[in-house]
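Text of the file input23.cif, holding mmCIF, C-alpha atoms and all ligand atoms:
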```
data_input
#
loop_
_atom_site.label_atom_id
_atom_site.label_comp_id
_atom_site.auth_asym_id
_atom_site.auth_seq_id
_atom_site.Cartn_x
_atom_site.Cartn_y
_atom_site.Cartn_z
CA MET A 1 0.00 0.00 0.00
CA ASN A 2 1.28 3.44 -0.82
CA GLN A 3 0.89 6.53 1.35
CA THR A 4 -2.31 7.65 -0.39
CA GLN A 5 -3.93 4.26 0.08
CA ILE A 6 -2.91 4.20 3.71
CA GLU A 7 -4.39 7.65 4.27
CA GLN A 8 -7.60 6.49 2.63
CA SER A 9 -7.65 3.55 5.01
CA ILE A 10 -7.24 5.88 7.99
CA ARG A 11 -10.19 7.96 6.81
CA GLN A 12 -12.28 4.86 6.39
CA LEU A 13 -11.26 3.65 9.81
CA ALA A 14 -12.27 6.96 11.40
CA GLU A 15 -15.62 6.95 9.63
CA THR A 16 -16.64 3.32 10.10
CA GLN A 17 -14.65 2.25 13.18
CA ASN A 18 -13.44 -0.72 11.21
CA LEU A 19 -11.07 -1.78 8.48
CA ALA A 20 -10.33 -4.98 6.59
CA ASP A 21 -7.34 -7.08 7.68
CA GLU A 22 -5.27 -5.87 4.77
CA GLY A 23 -5.58 -2.20 5.76
CA LEU A 24 -4.85 -2.83 9.43
CA LEU A 25 -1.85 -4.99 8.57
CA ALA A 26 -0.51 -2.31 6.23
CA ILE A 27 -0.67 0.24 9.04
CA LEU A 28 0.79 -2.12 11.64
CA SER A 29 3.69 -3.09 9.43
CA ALA A 30 4.50 0.26 7.80
CA PRO A 31 8.03 1.51 8.55
CA LEU A 32 8.56 3.09 11.98
CA SER A 33 10.73 6.11 12.59
CA GLU A 34 12.56 5.55 15.79
CA SER A 35 16.22 5.11 16.31
CA GLU A 36 18.42 4.39 19.21
CA ALA A 37 20.32 7.65 18.98
CA GLY A 38 20.40 10.40 21.57
CA PHE A 39 17.00 11.32 22.88
CA SER A 40 15.17 14.04 21.00
CA ALA A 41 11.86 15.46 22.08
CA SER A 42 11.54 17.54 18.96
CA PHE A 43 8.03 16.39 18.16
CA ALA A 44 6.85 16.90 21.71
CA GLU A 45 8.50 20.28 21.97
CA SER A 46 6.77 21.47 18.84
CA GLN A 47 3.39 20.76 20.40
CA PRO A 48 1.33 23.60 21.86
CA GLY A 49 1.65 24.10 25.57
CA PHE A 50 4.75 22.00 25.88
CA SER A 51 7.41 24.55 26.62
CA ALA A 52 5.30 26.63 29.00
CA SER A 53 4.97 23.98 31.64
CA PHE A 54 8.20 22.17 31.06
CA ALA A 55 10.43 25.19 31.08
CA GLU A 56 9.70 26.03 34.67
CA SER A 57 11.49 24.16 37.34
CA ARG A 58 9.59 24.28 40.56
CA PRO A 59 9.12 21.48 43.06
CA GLY A 60 6.48 19.08 41.88
CA SER A 61 6.76 20.23 38.30
CA PRO A 62 7.70 17.73 35.64
CA ALA A 63 10.93 19.52 34.87
CA SER A 64 12.54 16.70 36.78
CA PHE A 65 10.58 13.86 35.21
CA THR A 66 11.91 10.54 36.26
CA ALA A 67 13.67 9.00 33.30
CA PRO A 68 16.17 6.26 34.13
CA GLN A 69 19.34 7.96 35.29
CA PRO A 70 22.49 7.58 33.21
CA GLY A 71 24.60 4.92 34.81
CA SER A 72 21.71 3.04 36.38
CA SER A 73 21.52 -0.55 35.25
CA ALA A 74 18.24 0.03 33.45
CA GLU A 75 19.71 2.91 31.53
CA ALA A 76 22.72 0.82 30.62
CA ARG A 77 20.45 -1.66 28.89
CA ARG A 78 17.73 0.65 27.62
CA THR A 79 18.99 2.83 24.82
CA ARG A 80 17.46 6.24 24.55
CA ILE A 81 15.07 6.49 21.70
CA SER A 82 14.91 9.25 19.19
CA TYR A 83 11.39 9.42 17.88
CA THR A 84 9.71 11.43 15.14
CA PRO A 85 6.33 10.34 13.82
CA THR A 86 6.14 9.38 10.15
CA PRO A 87 3.53 11.07 7.92
CA LEU A 88 1.37 7.99 8.44
CA ASP A 89 1.63 8.36 12.21
CA LYS A 90 0.80 12.05 12.06
CA ALA A 91 -2.34 11.30 10.04
CA LEU A 92 -3.26 8.47 12.40
CA PHE A 93 -2.70 10.54 15.56
CA SER A 94 -4.67 13.51 14.33
CA ALA A 95 -7.58 11.25 13.31
CA ALA A 96 -7.43 9.56 16.72
CA ASP A 97 -7.27 12.88 18.54
CA ALA A 98 -10.31 14.15 16.65
CA VAL A 99 -12.31 11.04 17.55
CA ARG A 100 -11.32 11.25 21.20
CA GLN A 101 -12.21 14.94 21.18
CA SER A 102 -15.71 14.19 19.91
CA TYR A 103 -16.34 11.59 22.63
CA TYR A 104 -14.46 12.99 25.60
CA GLY A 105 -13.45 16.53 24.73
CA LYS A 106 -10.12 17.43 26.30
CA LYS A 107 -10.74 15.34 29.40
CA VAL A 108 -8.11 13.06 30.82
CA PHE A 109 -9.23 10.77 33.63
CA LEU A 110 -7.00 9.88 36.53
CA ARG A 111 -6.88 6.51 38.31
CA GLY A 112 -4.99 6.17 41.56
CA LEU A 113 -3.00 2.96 41.34
CA ILE A 114 -2.32 1.02 44.54
CA GLU A 115 0.01 -1.94 44.09
CA PHE A 116 -1.04 -3.68 47.26
CA SER A 117 0.78 -7.03 46.99
CA ASN A 118 3.65 -8.28 44.86
CA TYR A 119 3.17 -11.96 45.71
CA CYS A 120 2.36 -13.93 42.58
CA LYS A 121 1.72 -17.60 41.99
CA ASN A 122 2.30 -17.24 38.27
CA ASP A 123 5.57 -17.44 36.42
CA CYS A 124 5.05 -15.40 33.24
CA TYR A 125 8.33 -15.29 31.33
CA TYR A 126 8.30 -11.51 30.92
CA CYS A 127 7.25 -10.35 34.35
CA GLY A 128 9.55 -9.12 37.10
CA ILE A 129 7.33 -10.22 39.99
CA ARG A 130 7.01 -13.80 38.69
CA ARG A 131 7.08 -16.52 41.30
CA SER A 132 10.60 -17.70 40.42
CA ASN A 133 12.17 -14.31 40.93
CA GLN A 134 13.71 -14.50 44.36
CA GLY A 135 15.57 -11.24 43.97
CA LEU A 136 12.84 -9.07 45.41
CA LYS A 137 11.28 -8.55 48.77
CA ARG A 138 7.66 -9.66 48.79
CA TYR A 139 5.14 -7.47 50.52
CA ARG A 140 1.45 -7.23 51.26
CA LEU A 141 -0.09 -3.96 52.40
CA GLU A 142 -2.40 -3.89 55.40
CA GLU A 143 -5.94 -2.72 54.95
CA THR A 144 -5.21 0.43 56.97
CA ASP A 145 -2.30 1.29 54.64
CA ILE A 146 -4.50 0.86 51.60
CA MET A 147 -7.24 3.04 53.12
CA GLU A 148 -4.59 5.66 53.81
CA CYS A 149 -3.49 5.61 50.15
CA CYS A 150 -7.11 6.16 49.12
CA ARG A 151 -7.56 8.98 51.63
CA THR A 152 -4.53 10.81 50.27
CA GLY A 153 -5.57 10.09 46.70
CA TYR A 154 -9.05 11.40 47.37
CA SER A 155 -7.59 14.64 48.65
CA TYR A 156 -5.76 15.04 45.30
CA GLY A 157 -9.09 14.72 43.50
CA LEU A 158 -8.83 11.06 42.50
CA ARG A 159 -12.20 9.34 42.11
CA THR A 160 -11.08 5.90 40.96
CA PHE A 161 -8.85 3.58 42.94
CA VAL A 162 -7.22 0.67 41.18
CA LEU A 163 -6.23 -2.16 43.49
CA GLN A 164 -3.58 -4.15 41.70
CA SER A 165 -1.54 -7.14 42.82
CA GLY A 166 0.16 -10.25 41.59
CA GLU A 167 -1.96 -13.39 41.77
CA ASP A 168 -1.59 -13.57 45.53
CA ALA A 169 -3.19 -16.70 47.00
CA HIS A 170 -3.50 -14.94 50.35
CA PHE A 171 -6.08 -12.55 48.91
CA ASN A 172 -7.36 -14.61 46.00
CA GLN A 173 -8.23 -17.95 47.61
CA ASP A 174 -10.58 -16.59 50.19
CA VAL A 175 -11.75 -13.27 48.81
CA ARG A 176 -13.57 -12.18 51.97
CA GLN A 177 -10.73 -9.91 53.05
CA LEU A 178 -10.57 -8.24 49.65
CA SER A 179 -14.38 -7.94 49.59
CA GLN A 180 -14.29 -6.24 52.95
CA LEU A 181 -11.67 -3.82 51.70
CA VAL A 182 -13.73 -2.99 48.62
CA ARG A 183 -16.78 -2.46 50.84
CA ARG A 184 -14.87 -0.15 53.15
CA ILE A 185 -13.58 1.96 50.31
CA LYS A 186 -17.03 2.24 48.73
CA ASP A 187 -18.65 3.03 52.09
CA THR A 188 -16.08 5.71 52.84
CA TRP A 189 -16.05 7.30 49.37
CA PRO A 190 -19.35 6.44 47.66
CA ASP A 191 -18.55 8.82 44.82
CA CYS A 192 -15.52 6.74 43.81
CA ALA A 193 -15.13 3.76 41.54
CA VAL A 194 -13.09 0.76 42.63
CA THR A 195 -11.19 -1.17 39.99
CA LEU A 196 -9.69 -4.55 40.75
CA SER A 197 -6.71 -6.00 38.95
CA VAL A 198 -5.83 -9.18 40.80
CA GLY A 199 -5.76 -11.74 38.00
CA GLU A 200 -7.64 -14.90 37.15
CA LEU A 201 -10.30 -16.03 39.60
CA ASP A 202 -13.34 -18.24 39.25
CA ARG A 203 -16.76 -16.83 38.56
CA GLU A 204 -17.97 -17.18 42.13
CA ARG A 205 -15.12 -15.05 43.45
CA TYR A 206 -15.61 -12.42 40.77
CA GLU A 207 -19.28 -12.30 41.78
CA MET A 208 -18.47 -11.88 45.47
CA LEU A 209 -16.18 -8.97 44.73
CA TYR A 210 -18.75 -7.40 42.46
CA GLU A 211 -21.37 -7.71 45.17
CA ALA A 212 -18.94 -6.04 47.56
CA GLY A 213 -19.04 -3.02 45.28
CA ALA A 214 -16.16 -3.38 42.81
CA ASP A 215 -17.09 -1.50 39.64
CA ARG A 216 -14.36 -2.39 37.20
CA TYR A 217 -11.85 -5.14 36.51
CA LEU A 218 -8.59 -5.04 34.58
CA LEU A 219 -7.23 -8.27 33.16
CA ARG A 220 -4.99 -7.86 30.16
CA HIS A 221 -5.22 -10.76 27.76
CA GLU A 222 -1.50 -10.07 26.93
CA THR A 223 -1.76 -11.57 23.44
CA ALA A 224 -4.70 -13.04 21.58
CA ALA A 225 -2.42 -15.22 19.47
CA GLU A 226 -2.58 -18.73 20.88
CA THR A 227 0.94 -19.83 19.92
CA LEU A 228 2.47 -16.65 21.20
CA TYR A 229 0.54 -16.87 24.46
CA ARG A 230 2.13 -20.28 25.01
CA LYS A 231 5.59 -18.85 24.33
CA TRP A 232 5.14 -16.08 26.88
CA HIS A 233 3.61 -18.20 29.64
CA PRO A 234 4.45 -21.51 31.27
CA ASP A 235 2.21 -24.57 30.92
CA GLY A 236 -0.81 -24.27 33.11
CA MET A 237 -1.76 -20.81 31.93
CA SER A 238 -4.10 -20.65 29.00
CA LEU A 239 -5.43 -17.97 26.71
CA ALA A 240 -8.77 -19.78 26.63
CA TYR A 241 -9.18 -19.44 30.40
CA ARG A 242 -8.11 -15.82 30.34
CA LYS A 243 -10.72 -15.06 27.67
CA GLN A 244 -13.32 -16.96 29.69
CA CYS A 245 -12.52 -14.77 32.71
CA LEU A 246 -12.98 -11.63 30.64
CA TYR A 247 -16.36 -12.75 29.30
CA GLU A 248 -17.50 -13.77 32.78
CA LEU A 249 -16.46 -10.42 34.23
CA LYS A 250 -18.54 -8.71 31.55
CA GLU A 251 -21.54 -10.92 32.17
CA ILE A 252 -21.40 -10.22 35.89
CA GLY A 253 -21.61 -6.51 35.17
CA TYR A 254 -18.09 -5.20 35.65
CA GLN A 255 -16.72 -2.55 33.34
CA VAL A 256 -13.92 -4.61 31.87
CA GLY A 257 -10.42 -3.75 30.75
CA ALA A 258 -8.34 -6.04 28.56
CA GLY A 259 -5.08 -5.25 26.79
CA PHE A 260 -1.84 -6.48 25.36
CA MET A 261 1.90 -5.99 25.28
CA VAL A 262 3.54 -4.61 22.18
CA GLY A 263 6.81 -6.10 21.02
CA ALA A 264 7.37 -8.99 23.39
CA PRO A 265 9.41 -11.79 21.79
CA GLU A 266 8.35 -13.05 18.38
CA GLN A 267 5.24 -10.91 18.06
CA THR A 268 4.30 -10.04 14.47
CA ALA A 269 1.86 -7.61 12.86
CA GLU A 270 -0.54 -10.55 12.39
CA ASP A 271 -0.43 -11.19 16.14
CA LEU A 272 -1.31 -7.56 16.83
CA LEU A 273 -4.15 -7.85 14.34
CA ALA A 274 -5.40 -10.83 16.36
CA ASP A 275 -5.39 -8.57 19.45
CA LEU A 276 -7.48 -5.95 17.68
CA ARG A 277 -9.95 -8.56 16.40
CA PHE A 278 -10.28 -10.18 19.81
CA LEU A 279 -10.95 -6.79 21.41
CA GLN A 280 -13.62 -6.09 18.79
CA GLU A 281 -15.31 -9.31 19.84
CA LEU A 282 -15.01 -8.57 23.57
CA GLN A 283 -15.89 -4.87 23.35
CA PRO A 284 -14.16 -3.91 26.60
CA ASP A 285 -14.62 -0.52 28.28
CA MET A 286 -10.91 -0.08 28.95
CA ILE A 287 -7.88 -1.19 26.95
CA GLY A 288 -4.42 -1.05 28.49
CA ILE A 289 -1.37 -1.51 26.32
CA GLY A 290 2.31 -0.84 26.70
CA PRO A 291 5.61 -1.83 25.15
CA PHE A 292 7.27 -4.98 26.43
CA LEU A 293 10.26 -3.98 28.56
CA HIS A 294 12.81 -6.56 29.65
CA HIS A 295 13.49 -7.37 33.28
CA ARG A 296 16.93 -8.68 34.18
CA ASP A 297 15.67 -11.51 36.41
CA THR A 298 13.29 -13.10 33.92
CA PRO A 299 13.73 -15.59 31.07
CA PHE A 300 13.16 -12.67 28.65
CA ARG A 301 16.08 -10.68 30.07
CA ASP A 302 17.92 -10.57 26.74
CA ALA A 303 14.93 -9.85 24.54
CA PRO A 304 14.85 -6.42 22.91
CA ASP A 305 12.30 -3.97 24.26
CA GLY A 306 9.11 -3.40 22.32
CA SER A 307 8.89 -0.44 19.99
CA PHE A 308 7.73 2.90 21.34
CA ALA A 309 6.62 4.03 17.88
CA LEU A 310 4.58 0.88 17.31
CA THR A 311 2.94 1.20 20.73
CA LEU A 312 1.81 4.74 19.89
CA ARG A 313 0.51 3.52 16.56
CA CYS A 314 -1.47 0.76 18.29
CA LEU A 315 -2.92 3.33 20.71
CA ALA A 316 -4.14 5.46 17.82
CA LEU A 317 -5.63 2.42 16.10
CA LEU A 318 -7.41 1.49 19.32
CA ARG A 319 -8.90 4.98 19.62
CA LEU A 320 -10.21 4.73 16.06
CA LEU A 321 -11.59 1.22 16.49
CA PHE A 322 -12.99 1.88 19.99
CA PRO A 323 -13.94 5.57 20.13
CA TYR A 324 -15.66 5.21 23.50
CA ALA A 325 -12.82 3.32 25.22
CA LEU A 326 -10.80 4.46 28.19
CA LEU A 327 -7.21 4.11 27.07
CA PRO A 328 -4.41 4.75 29.54
CA ALA A 329 -1.07 6.25 28.63
CA THR A 330 0.71 3.65 30.74
CA THR A 331 3.72 3.69 33.01
CA ALA A 332 5.55 1.41 30.54
CA LEU A 333 5.09 4.09 27.88
CA GLY A 334 6.52 6.67 30.27
CA THR A 335 9.42 4.36 31.03
CA ILE A 336 10.51 3.71 27.46
CA HIS A 337 10.49 7.44 26.57
CA PRO A 338 10.61 10.46 28.90
CA LEU A 339 7.61 11.98 27.14
CA GLY A 340 5.93 8.67 26.44
CA ARG A 341 2.76 9.40 28.37
CA GLU A 342 2.33 12.84 26.84
CA LEU A 343 2.80 11.44 23.36
CA GLY A 344 0.39 8.66 24.29
CA LEU A 345 -2.27 11.27 25.03
CA SER A 346 -1.66 12.90 21.68
CA ALA A 347 -2.04 9.53 20.00
CA GLY A 348 -5.47 8.93 21.52
CA ALA A 349 -5.06 7.89 25.16
CA ASN A 350 -7.34 9.56 27.72
CA VAL A 351 -6.42 8.02 31.06
CA ILE A 352 -3.39 8.42 33.30
CA MET A 353 -2.72 6.31 36.35
CA PRO A 354 -0.71 8.06 39.06
CA ASN A 355 0.92 5.59 41.39
CA ILE A 356 -0.33 6.22 44.92
CA SER A 357 1.28 3.17 46.55
CA PRO A 358 3.33 3.94 49.65
CA GLY A 359 6.87 4.97 48.77
CA SER A 360 8.30 2.13 50.87
CA VAL A 361 7.02 -0.61 48.53
CA ARG A 362 7.24 1.00 45.12
CA GLY A 363 10.69 -0.36 44.38
CA GLN A 364 9.36 -3.87 44.94
CA TYR A 365 6.72 -3.77 42.22
CA LEU A 366 9.07 -3.83 39.29
CA LEU A 367 7.42 -5.62 36.39
CA TYR A 368 10.34 -4.49 34.19
CA ASP A 369 13.69 -2.74 34.64
CA GLY A 370 13.85 1.01 34.98
CA LYS A 371 10.19 1.51 35.95
CA ILE A 372 9.60 5.22 36.53
CA CYS A 373 8.19 6.81 39.67
CA THR A 374 9.63 4.30 42.12
CA ASP A 375 11.52 7.00 44.02
CA GLU A 376 8.67 9.48 44.07
CA ASP A 377 5.83 9.88 46.49
CA GLY A 378 2.15 10.11 45.63
CA GLN A 379 2.06 13.86 45.77
CA HIS A 380 5.04 14.24 43.49
CA CYS A 381 3.58 11.86 40.89
CA HIS A 382 0.25 13.55 41.09
CA ALA A 383 1.65 17.04 40.54
CA CYS A 384 3.96 15.74 37.84
CA LEU A 385 1.17 14.05 35.94
CA GLU A 386 -1.16 17.01 36.21
CA ALA A 387 1.48 19.25 34.69
CA ARG A 388 2.19 16.71 31.96
CA VAL A 389 -1.48 16.46 31.05
CA ARG A 390 -1.84 20.25 30.92
CA SER A 391 1.33 20.57 28.88
CA ARG A 392 -0.51 18.84 26.04
CA GLY A 393 -3.54 21.10 26.28
CA TYR A 394 -5.73 18.52 28.01
CA GLU A 395 -7.81 18.92 31.18
CA ILE A 396 -7.77 16.77 34.27
CA ALA A 397 -11.24 15.43 35.02
CA CYS A 398 -11.85 14.97 38.76
CA GLU A 399 -14.60 12.42 38.27
CA ARG A 400 -15.10 8.67 38.13
CA GLY A 401 -14.69 8.68 34.38
CA ASP A 402 -16.92 5.87 33.20
CA ALA A 403 -16.84 4.91 29.54
CA VAL A 404 -19.00 6.84 27.12
CA ARG A 405 -20.72 3.90 25.49
CA SER A 406 -22.71 5.59 22.77
CA PRO A 407 -22.43 8.70 20.66
CA ARG A 408 -25.51 10.03 22.49
CA GLU A 409 -23.53 10.25 25.72
CA ARG A 410 -20.72 12.18 24.11
CA ALA A 411 -19.19 14.99 26.05
CA MET A 412 -19.07 17.26 23.03
CA PRO A 413 -21.70 17.99 20.39
N1 LIG B 1 7.05 -5.28 30.16
C1 LIG B 1 5.93 -4.59 29.91
N2 LIG B 1 4.75 -4.85 30.50
C2 LIG B 1 4.72 -5.84 31.40
N3 LIG B 1 3.72 -6.32 32.14
C3 LIG B 1 4.20 -7.32 32.90
N4 LIG B 1 5.51 -7.50 32.67
C4 LIG B 1 5.85 -6.59 31.73
C5 LIG B 1 7.06 -6.28 31.06
N5 LIG B 1 8.19 -6.95 31.31
C6 LIG B 1 2.34 -5.85 31.99
C7 LIG B 1 1.41 -7.00 31.66
C8 LIG B 1 0.49 -7.05 32.85
C9 LIG B 1 0.56 -5.64 33.38
C10 LIG B 1 0.15 -5.48 34.79
O1 LIG B 1 1.89 -5.27 33.19
O2 LIG B 1 0.69 -6.68 30.48
O3 LIG B 1 -0.81 -7.44 32.55
FE1 LIG B 2 6.04 11.91 37.14
FE2 LIG B 2 5.61 9.89 38.99
S1 LIG B 2 7.20 11.35 38.92
S2 LIG B 2 4.37 10.55 37.37
#
```

Could you render the structure from this file as structure tokens?
Amino acid sequence: MNQTQIEQSIRQLAETQNLADEGLLAILSAPLSESEAGFSASFAESQPGFSASFAESRPGSPASFTAPQPGSSAEARRTRISYTPTPLDKALFSAADAVRQSYYGKKVFLRGLIEFSNYCKNDCYYCGIRRSNQGLKRYRLEETDIMECCRTGYSYGLRTFVLQSGEDAHFNQDVRQLSQLVRRIKDTWPDCAVTLSVGELDRERYEMLYEAGADRYLLRHETAAETLYRKWHPDGMSLAYRKQCLYELKEIGYQVGAGFMVGAPEQTAEDLLADLRFLQELQPDMIGIGPFLHHRDTPFRDAPDGSFALTLRCLALLRLLFPYALLPATTALGTIHPLGRELGLSAGANVIMPNISPGSVRGQYLLYDGKICTDEDGQHCHACLEARVRSRGYEIACERGDAVRSPRERAMP
């Protein structure tokens, strides 16, 4: 496909929220413009509003955004990326931005992320908190600590709390403790949404947690390509079961988030197409994606990181295919590029998830090397993210931020 044909495809995609395999594959496999040279934020800097908030250097401003420091082990392995969007990307991002604008205006929703346990019974080959990694201190937060995180988050204006953990048998086998926690949060802050992200459970447990008041559930499918799923996970984990969980969560009534990793070993454009097609079937409310980033204590330690440029392209495609969806500009995106989250917003994302976990445990929830924000506290991250969002001309929405499911509910005429 030549440039004109690709641009036609993008128009069609924006108008019909769909495209034939051939068109999607052409976009997914078109050349990317990123190199591993010195970092250049030229594209970001040329965007309106950028310099105003980034030029200042006051405490809590993003002037000191937390990129991996030169000399740190993550930095040694993660080459700085120089990124400029191709003409295709520019067309894709502006189409995505227009669609997001018509559904959500300039709003960016915040979710306070609490990583409350890093115990995990699983052994995913890519993940830094996998069971076999003995190089980290395992922790579980007490209910009072979690309530304290919410209290602080609420005072910043957060109206969604995301409780995330590894697949911790302590909480997941008998879900009464977790149910009680959800109930306490909902009783204390009835205007807030609670999102759970604690992995695969059976239907009965999902139901109990829903009855306790949980509103949303995040469970990334990771990849919808069967063969690839088996390469990324040990025996005993199955894509079929993961999909079953997602459908059950939907049936129960949760707002559901799925999602995938971009650029983990052996992934092809066809595999990404399978992700898009699976998501079209599932019709989730939220879709979380990020580049694969290696972790030194996992079997994928030597695998190259996923592509930043391709992740942005996938985000834009997701916005066009799922105009109503809540799409986070994820921490992984902010880790692979210092302006990753800002560029993610410009490519169609409309959610940011400030980490509000206690500072003492942040360094223990390392899914990949070089994860940003592990030395910061909640207030710093919050102020930093607010400034980053504003730097792109977007507005922070202090509200629950449920998905706009139909054009009739659109924020803008
Ligand atoms: N690189 C990028 N993302 C990862 N995740 C786990 N490990 C990695 C990694 N090494 C993502 C998975 C998971 C989410 C919580 O974090 O997609 O679902
Ligand atoms: Fe910027 Fe955490 S320091 S978001």

Name the residues, by chain letter and number, that sit within 9 Å of ligand LIG 1 (chain B) using only C-alpha atoms and all ligand atoms, and give them as a ChimeraX atom specification. /A:124-130,164-166,197,199,218-223,258-262,264,288-295,298,300-301,305-306,331-333,366-369

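Distance check against ligand LIG 2 (chain B) using only C-alpha atoms and all ligand atoms: of A:Gly135, A:Gly393, A:Gly348, A:Pro338, the minimum falls on A:Pro338.
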
Expressed in Å, the length from atom CA of Val175 of chain A to atom CA of Met208 of chain A is 7.6 Å

Give me the residues near Cys381 of chain A as an MDAnalysis selection string, where near means some atom within 7 Å (using only C-alpha atoms) and where sequence neighbours in that chain fewer than 6 positions away do not count. chainID A and resid 354:355 373

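For the pair atom CA of Pro265 of chain A and atom CA of Asp297 of chain A, the separation is 15.9 Å.
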
Neighbouring residues of Leu315 of chain A were defined as those with any atom within 12 Å, considering all atoms listed in the file; residues of the same chain fewer than 5 positions away were excluded. Please report them as number ranges by chain. A: 28, 89, 92-93, 95-97, 100, 259-262, 272, 276, 286-291, 308-310, 320-323, 325-330, 333, 340-341, 343-351

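Reported to one decimal place, the separation of atom CA of Asp168 of chain A from atom CA of Tyr119 of chain A is 5.0 Å.
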
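Between ligand LIG 2 (chain B) and the residues A:Cys150, A:Asp271, A:Arg111, A:Lys137, the shortest atom-to-atom distance, using all atoms listed in the file, involves A:Arg111.
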
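For the set A:Ala91, A:Val389, A:Ala169, A:Ile81, the residue with the smallest atom-to-atom gap to Arg11 of chain A is A:Ala91, counting only C-alpha atoms.
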
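With distances taken over only C-alpha atoms and all ligand atoms, A:Glu342 is the one residue among A:Glu281, A:Glu342, A:Glu143, A:Glu395 lying closest to ligand LIG 2 (chain B).
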
Could you give me, as number ranges by chain, the residues that have an atom at most 12 Å away from the point (-3.6, -20.5, 30.3) in the coordinates of the file, using all atoms listed in the file? A: 122-124, 199-200, 221-224, 226-245

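Comparing A:Asp21, A:Ala397, A:Pro299, A:Asp375 by their smallest distance to Gly363 of chain A, the closest is A:Asp375 (using all atoms listed in the file).
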
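Nearest residue to Cys120 of chain A, choosing from A:His170, A:Arg277, A:Arg183, A:His382 and counting only C-alpha atoms: A:His170.
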
Write out as a PyMOL selection string each polymer residue whose atoms come within 9 Å of Arg138 of chain A, counting all atoms listed in the file; drop sequence neighbours fewer than 3 positions from it. chain A and resi 117-119+129+134+364-365

Write out the residues from the selection above, keeping C-alpha atoms, as a PDB file, in the coordinates of the input.
```
ATOM      1  CA  SER A 117       0.780  -7.030  46.990  1.00  0.00           C
ATOM      2  CA  ASN A 118       3.650  -8.280  44.860  1.00  0.00           C
ATOM      3  CA  TYR A 119       3.170 -11.960  45.710  1.00  0.00           C
ATOM      4  CA  ILE A 129       7.330 -10.220  39.990  1.00  0.00           C
ATOM      5  CA  GLN A 134      13.710 -14.500  44.360  1.00  0.00           C
ATOM      6  CA  GLN A 364       9.360  -3.870  44.940  1.00  0.00           C
ATOM      7  CA  TYR A 365       6.720  -3.770  42.220  1.00  0.00           C
TER       8      TYR A 365
END
```

For the point (1.6, 3.4, 6.0) in file coordinates, what residues are within 6 Å, counting all atoms listed in the file? Give the answer as a PyMOL selection string? chain A and resi 3+6+27+30+88

Write out as a PyMOL selection string the residues lying within 10 Å of Tyr154 of chain A, counting all atoms listed in the file and excluding same-chain residues fewer than 5 positions away. chain A and resi 112+148-149+159-161+189+192+398

Name all residues at most 7 Å from Gly401 of chain A (count only C-alpha atoms; drop same-chain ones fewer than 2 positions away) and give them as a VMD selection string. chain A and resid 109 399 403
